[in-house]
Amino acid sequence: MHIINRNSPCWCGSGLKYKKCHYDFDQKIASIQYRGHLVPDHSMIKTPAQIAAIRESAKVNIAVLDYVAEHIRAGVATEEIDEWVAKETARYGAIPAPLGYEGFPKNVCTSINEVVCHGIPSPNRVLKDGDIINVDCSTILNGYFSDSSRMFMIGNVSEENRKLVEVTRESMYLGLEQVKPWGFLGDMAQAVNDHAKANGYQVVRDIGGHGVGLEFHEDPWVSYVSSRGEDMLMVPGMMFTIEPMINMGTWEVVIDDEDGWTVTTADGKPSAQWEIQVLVTETGHEIISY
Ligand code: MF3
Ligand code: CO
């Protein structure tokens, strides 16, 4: 273990002596680690300056999603949503994070009905009455990342699908309520999963959330199927996404081998997802992007 002199400047960049800044904090984390828990390292803890810059990025991300919310309707091709995202993001001097990310070909993910996530916008997929769609926006502003997604219901959506969308949103909120310092990511996951299961749904296991802010995808990987007290300790300054994908049928998913991206449910039944970017604060949490 790397030992920092108690009189040296704190690792967080505050300029204070370590013993007056994060010393007690680090001791507390070490004792929790000693009891066998997974704990964050310093790279997962954002400084106030970084948090401020990420908030600016998130303002753009939210504005782009608001634009989508105002314009989305039956008859719109997902390609047009991609164009809106490109244009609106650029208007704020920002960059859509998906474009070129590990070869992703578009500016935004558009995932309709049985598509779980990572749907690729296309001129050939026109929204029609009854569709449910997730629009997942991610923004880079001055090198800082934000990431959130929303569901939209197009026209007259079946009662079944409407319920899936609503329960998924409730699950995300129930998970969010569990985000507080000195709890565990598993507390959040269990809240998400319990609500999904109580409604007869299954939570996707193979795809999770992630740390975010300085990179698009940072540690930790975030599960929504683990249990209370499991997975990583949450401490102030950590930032990650809560983005459960909830399926009406089986949790099993398949990736399209033609495009290498589109994830669909294995049984072809619908799936919904909401994504929120959250910061762990001293007293609880703060929503960064939604
Ligand atoms: N926005 C997605 C997420 O929530 C990631 C998409 S990767 C991409 O993590 F390349 F498809 F954009
Ligand atoms: Co994400």
# chains A, B, ... in the order shown; residues from 1 in each chain; ligands from 1

$ select_by_dssp --residues "range 14-192 of chain A" --states "helix (DSSP H, G or I)" --output "count of residues only"
86

$ residues_near_ligand --ligand "ligand 2" --cutoff "6 Å" --atoms "only C-alpha atoms and all ligand atoms" --output "list in words"
Asp147, Gly209 and Thr241 of chain A

$ residues_near_ligand --ligand "ligand 1" --cutoff "7 Å" --atoms "only C-alpha atoms and all ligand atoms" --output "ChimeraX atom specification"
/A:97-99,101-102,104,108-109,118,136-138,147-148,209-210,217,243,275

$ write_last_selection --atoms "N, CA, C and O atoms" --output "compact mmCIF listing (two decimals), in the first residue's frame"
# COMPACT_ATOMS: atom_id res chain seq x y z
N ALA A 97 -20.76 11.54 -27.26
CA ALA A 97 -19.74 10.55 -26.90
C ALA A 97 -19.84 9.23 -27.69
O ALA A 97 -18.80 8.60 -27.92
N PRO A 98 -21.05 8.78 -28.09
CA PRO A 98 -21.10 7.48 -28.77
C PRO A 98 -20.36 7.44 -30.11
O PRO A 98 -19.77 6.40 -30.44
N LEU A 99 -20.39 8.53 -30.88
CA LEU A 99 -19.83 8.50 -32.24
C LEU A 99 -18.36 8.08 -32.21
O LEU A 99 -17.51 8.76 -31.65
N TYR A 101 -17.12 5.64 -30.63
CA TYR A 101 -16.73 4.94 -29.40
C TYR A 101 -16.68 3.43 -29.67
O TYR A 101 -17.71 2.83 -29.99
N GLU A 102 -15.52 2.86 -29.58
CA GLU A 102 -15.30 1.45 -29.93
C GLU A 102 -15.95 1.11 -31.27
O GLU A 102 -16.47 0.02 -31.47
N PHE A 104 -18.66 2.57 -32.60
CA PHE A 104 -20.11 2.82 -32.74
C PHE A 104 -20.33 3.87 -33.84
O PHE A 104 -19.66 4.91 -33.84
N VAL A 108 -26.02 8.56 -31.07
CA VAL A 108 -26.95 8.26 -29.98
C VAL A 108 -27.42 6.81 -30.14
O VAL A 108 -27.37 6.29 -31.26
N CYS A 109 -27.84 6.19 -29.05
CA CYS A 109 -28.43 4.86 -29.16
C CYS A 109 -29.95 5.00 -29.12
O CYS A 109 -30.49 5.71 -28.25
N HIS A 118 -28.20 -0.13 -27.13
CA HIS A 118 -27.22 0.00 -28.22
C HIS A 118 -27.83 -0.13 -29.62
O HIS A 118 -27.13 -0.52 -30.56
N ASP A 136 -30.66 7.10 -25.67
CA ASP A 136 -29.53 7.14 -24.72
C ASP A 136 -28.50 8.15 -25.22
O ASP A 136 -27.81 7.91 -26.21
N CYS A 137 -28.43 9.29 -24.53
CA CYS A 137 -27.54 10.38 -24.93
C CYS A 137 -26.33 10.44 -24.01
O CYS A 137 -26.46 10.32 -22.79
N SER A 138 -25.18 10.67 -24.60
CA SER A 138 -23.95 10.83 -23.82
C SER A 138 -23.17 11.98 -24.45
O SER A 138 -23.05 12.05 -25.67
N ASP A 147 -24.01 11.13 -19.18
CA ASP A 147 -24.65 9.96 -19.78
C ASP A 147 -25.99 9.71 -19.10
O ASP A 147 -26.02 9.45 -17.89
N SER A 148 -27.08 9.83 -19.85
CA SER A 148 -28.37 9.43 -19.30
C SER A 148 -29.33 9.08 -20.43
O SER A 148 -29.09 9.45 -21.58
N GLY A 209 -24.24 -0.77 -15.43
CA GLY A 209 -23.85 0.63 -15.45
C GLY A 209 -22.35 0.75 -15.21
O GLY A 209 -21.62 -0.25 -15.25
N HIS A 210 -21.94 1.98 -14.91
CA HIS A 210 -20.50 2.25 -14.90
C HIS A 210 -20.21 3.59 -14.23
O HIS A 210 -21.05 4.49 -14.24
N HIS A 217 -16.75 5.39 -19.83
CA HIS A 217 -16.99 4.22 -18.97
C HIS A 217 -15.79 4.01 -18.05
O HIS A 217 -14.70 3.71 -18.51
N GLU A 243 -28.71 2.41 -14.58
CA GLU A 243 -29.33 2.25 -15.89
C GLU A 243 -29.82 0.82 -16.11
O GLU A 243 -29.40 0.15 -17.04
N GLU A 275 -31.93 5.69 -17.56
CA GLU A 275 -30.55 5.86 -17.06
C GLU A 275 -30.39 7.23 -16.42
O GLU A 275 -30.74 8.26 -17.01

$ closest_atom_pairs --of "range 71-188 of chain A" --to "range 43-54 of chain A" --cutoff "7 Å" --atoms "only C-alpha atoms" --output "tab-separated table"
residue	atom	partner	partner_atom	distance
A:Tyr144	CA	A:Ile54	CA	5.3
A:Phe145	CA	A:Ile54	CA	6.2
A:Ser146	CA	A:Ile54	CA	6.6

$ select_by_dssp --residues "range 126-199 of chain A" --states "strand (DSSP E)" --output "list of chain:residue names"
A:Ile132, A:Ile133, A:Asn134, A:Val135, A:Asp136, A:Cys137, A:Ser138, A:Thr139, A:Ile140, A:Leu141, A:Tyr144, A:Phe145, A:Ser146, A:Asp147, A:Ser148, A:Ser149, A:Arg150, A:Met151, A:Phe152, A:Met153

$ write_last_selection --atoms "C-alpha atoms" --output "mmCIF file, in the first residue's frame"
data_model
loop_
_atom_site.group_PDB
_atom_site.id
_atom_site.type_symbol
_atom_site.label_atom_id
_atom_site.label_comp_id
_atom_site.auth_asym_id
_atom_site.auth_seq_id
_atom_site.Cartn_x
_atom_site.Cartn_y
_atom_site.Cartn_z
ATOM 1 C CA ILE A 132 -41.563 2.162 -26.818
ATOM 2 C CA ILE A 133 -38.094 3.613 -27.367
ATOM 3 C CA ASN A 134 -35.071 4.361 -25.240
ATOM 4 C CA VAL A 135 -32.953 7.304 -26.375
ATOM 5 C CA ASP A 136 -29.533 7.138 -24.718
ATOM 6 C CA CYS A 137 -27.536 10.381 -24.931
ATOM 7 C CA SER A 138 -23.951 10.829 -23.824
ATOM 8 C CA THR A 139 -22.066 14.103 -24.062
ATOM 9 C CA ILE A 140 -18.457 15.259 -23.893
ATOM 10 C CA LEU A 141 -17.965 18.908 -22.905
ATOM 11 C CA TYR A 144 -15.947 15.737 -19.263
ATOM 12 C CA PHE A 145 -18.600 13.056 -19.770
ATOM 13 C CA SER A 146 -22.289 12.828 -19.017
ATOM 14 C CA ASP A 147 -24.653 9.956 -19.784
ATOM 15 C CA SER A 148 -28.375 9.427 -19.298
ATOM 16 C CA SER A 149 -31.318 7.963 -21.132
ATOM 17 C CA ARG A 150 -35.094 8.145 -21.155
ATOM 18 C CA MET A 151 -37.961 6.069 -22.492
ATOM 19 C CA PHE A 152 -40.550 7.547 -24.818
ATOM 20 C CA MET A 153 -43.947 6.048 -25.560
#

$ closest_residue --among "A:Gly143, A:Gly260, A:Gly75, A:Gly100" --to "Pro123 in chain A" --atoms "only C-alpha atoms"
A:Gly75

$ closest_residue --among "A:Val278, A:Asp41, A:Asn142, A:Met234" --to "Glu215 in chain A" --atoms "only C-alpha atoms"
A:Asn142

$ residues_around --residues "range 203-205 of chain A" --least-positions-apart "4" --cutoff "6 Å" --atoms "only C-alpha atoms" --output "PyMOL selection string"
chain A and resi 245-246+251

$ residues_around --residues "range 79-87 of chain A" --least-positions-apart "3" --cutoff "7 Å" --atoms "only C-alpha atoms" --output "short mmCIF file (atom, residue, chain, number, x, y, z; two decimals) with all heavy atoms, in the first residue's frame"
data_model
loop_
_atom_site.label_atom_id
_atom_site.label_comp_id
_atom_site.auth_asym_id
_atom_site.auth_seq_id
_atom_site.Cartn_x
_atom_site.Cartn_y
_atom_site.Cartn_z
N VAL A 64 -30.24 18.18 -24.58
CA VAL A 64 -30.39 17.39 -25.81
C VAL A 64 -31.55 16.40 -25.64
O VAL A 64 -32.41 16.25 -26.52
CB VAL A 64 -29.07 16.66 -26.17
CG1 VAL A 64 -29.28 15.69 -27.33
CG2 VAL A 64 -27.98 17.67 -26.51
N VAL A 68 -35.12 16.09 -27.71
CA VAL A 68 -35.67 14.84 -28.25
C VAL A 68 -37.10 14.66 -27.73
O VAL A 68 -38.03 14.34 -28.49
CB VAL A 68 -34.79 13.63 -27.86
CG1 VAL A 68 -35.47 12.31 -28.21
CG2 VAL A 68 -33.41 13.73 -28.52
N VAL A 76 -41.28 9.67 -37.22
CA VAL A 76 -39.87 10.10 -37.18
C VAL A 76 -38.97 8.87 -37.33
O VAL A 76 -39.20 7.86 -36.66
CB VAL A 76 -39.57 10.82 -35.84
CG1 VAL A 76 -38.08 10.98 -35.60
CG2 VAL A 76 -40.28 12.18 -35.79
N ALA A 90 -23.82 19.95 -30.79
CA ALA A 90 -22.84 20.87 -31.38
C ALA A 90 -23.17 22.33 -31.05
O ALA A 90 -22.28 23.16 -30.84
CB ALA A 90 -22.78 20.67 -32.89
N ARG A 91 -24.46 22.62 -30.99
CA ARG A 91 -24.91 23.98 -30.68
C ARG A 91 -24.37 24.46 -29.33
O ARG A 91 -24.17 25.65 -29.11
CB ARG A 91 -26.45 23.99 -30.64
CG ARG A 91 -27.09 25.27 -31.12
CD ARG A 91 -28.50 25.00 -31.60
NE ARG A 91 -29.41 24.57 -30.55
CZ ARG A 91 -29.92 25.37 -29.62
NH1 ARG A 91 -29.61 26.65 -29.57
NH2 ARG A 91 -30.76 24.88 -28.72
N PRO A 96 -21.09 14.44 -29.12
CA PRO A 96 -21.78 13.21 -28.69
C PRO A 96 -20.75 12.10 -28.45
O PRO A 96 -19.96 11.77 -29.35
CB PRO A 96 -22.68 12.87 -29.88
CG PRO A 96 -22.66 14.09 -30.78
CD PRO A 96 -21.35 14.76 -30.54
N LYS A 106 -22.92 5.90 -34.76
CA LYS A 106 -23.87 7.02 -34.69
C LYS A 106 -23.67 7.85 -33.43
O LYS A 106 -22.84 7.53 -32.58
CB LYS A 106 -25.30 6.48 -34.78
CG LYS A 106 -25.63 5.83 -36.12
CD LYS A 106 -25.84 6.88 -37.20
CE LYS A 106 -26.13 6.22 -38.55
NZ LYS A 106 -26.46 7.22 -39.56
N ASN A 107 -24.49 8.90 -33.30
CA ASN A 107 -24.34 9.88 -32.20
C ASN A 107 -25.11 9.52 -30.94
O ASN A 107 -24.92 10.14 -29.90
CB ASN A 107 -24.83 11.25 -32.68
CG ASN A 107 -23.99 11.77 -33.82
OD1 ASN A 107 -22.86 12.20 -33.62
ND2 ASN A 107 -24.52 11.70 -35.03
N VAL A 108 -26.02 8.56 -31.07
CA VAL A 108 -26.95 8.26 -29.98
C VAL A 108 -27.42 6.81 -30.14
O VAL A 108 -27.37 6.29 -31.26
CB VAL A 108 -28.14 9.26 -30.02
CG1 VAL A 108 -28.91 9.15 -31.34
CG2 VAL A 108 -29.08 9.11 -28.85
N PRO A 121 -29.29 4.11 -34.81
CA PRO A 121 -30.24 4.88 -35.60
C PRO A 121 -30.15 4.54 -37.09
O PRO A 121 -29.05 4.28 -37.60
CB PRO A 121 -29.82 6.33 -35.34
CG PRO A 121 -29.18 6.29 -33.99
CD PRO A 121 -28.46 4.97 -33.95
N SER A 122 -31.31 4.53 -37.74
CA SER A 122 -31.36 4.15 -39.15
C SER A 122 -32.48 4.90 -39.86
O SER A 122 -33.54 5.12 -39.27
CB SER A 122 -31.61 2.64 -39.24
OG SER A 122 -32.18 2.30 -40.48
N PRO A 123 -32.26 5.26 -41.13
CA PRO A 123 -33.36 5.90 -41.89
C PRO A 123 -34.50 4.93 -42.14
O PRO A 123 -35.63 5.34 -42.44
CB PRO A 123 -32.68 6.31 -43.20
CG PRO A 123 -31.40 5.56 -43.29
CD PRO A 123 -31.01 5.14 -41.90
#

$ closest_residue --among "A:Glu114, A:Met232, A:Gly200, A:Thr89" --to "Ile29 in chain A" --atoms "only C-alpha atoms"
A:Met232

$ closest_residue --among "A:Pro244, A:Gly130, A:Gly119, A:Pro220" --to "Asn161 in chain A" --atoms "only C-alpha atoms"
A:Gly130

$ closest_residue --among "A:Val167, A:Phe184, A:Glu282, A:Val225" --to "Ala198 in chain A" --atoms "only C-alpha atoms"
A:Val167

$ residues_around --residues "Cys12 in chain A" --least-positions-apart "2" --cutoff "9 Å" --atoms "only C-alpha atoms" --output "PyMOL selection string"
chain A and resi 9-10+14-16+18+21-22+42+45-47

$ atom_distance --atom1 "CA of Gly183 in chain A" --atom2 "CA of Val116 in chain A"
28.6 Å

$ residues_around --residues "Gly284 in chain A" --least-positions-apart "2" --cutoff "9 Å" --atoms "only C-alpha atoms" --output "PDB file with C-alpha atoms, in the first residue's frame"
ATOM      1  CA  GLU A 177     -32.954   6.225  -3.007  1.00  0.00           C
ATOM      2  CA  GLN A 178     -30.327   3.730  -1.834  1.00  0.00           C
ATOM      3  CA  VAL A 179     -27.423   5.858  -3.046  1.00  0.00           C
ATOM      4  CA  LYS A 180     -25.704   7.269   0.010  1.00  0.00           C
ATOM      5  CA  PRO A 181     -22.202   7.258   1.430  1.00  0.00           C
ATOM      6  CA  PRO A 236     -18.699  10.822  -1.372  1.00  0.00           C
ATOM      7  CA  LEU A 279     -23.042  11.590  -7.575  1.00  0.00           C
ATOM      8  CA  VAL A 280     -22.582  10.261  -4.051  1.00  0.00           C
ATOM      9  CA  THR A 281     -22.500  13.277  -1.695  1.00  0.00           C
ATOM     10  CA  GLU A 282     -21.684  13.665   2.005  1.00  0.00           C
ATOM     11  CA  GLU A 286     -27.169  14.381  -6.292  1.00  0.00           C
TER      12      GLU A 286
END

$ closest_residue --among "A:Cys117, A:Leu214, A:Val157, A:Gln273" --to "Ile255 in chain A" --atoms "only C-alpha atoms"
A:Cys117

$ atom_distance --atom1 "CA of Lys59 in chain A" --atom2 "CA of Ala191 in chain A"
27.6 Å

$ residues_around --residues "Asp187 in chain A" --least-positions-apart "2" --cutoff "6 Å" --atoms "only C-alpha atoms" --output "PyMOL selection string"
chain A and resi 184-185+189-190+228-229
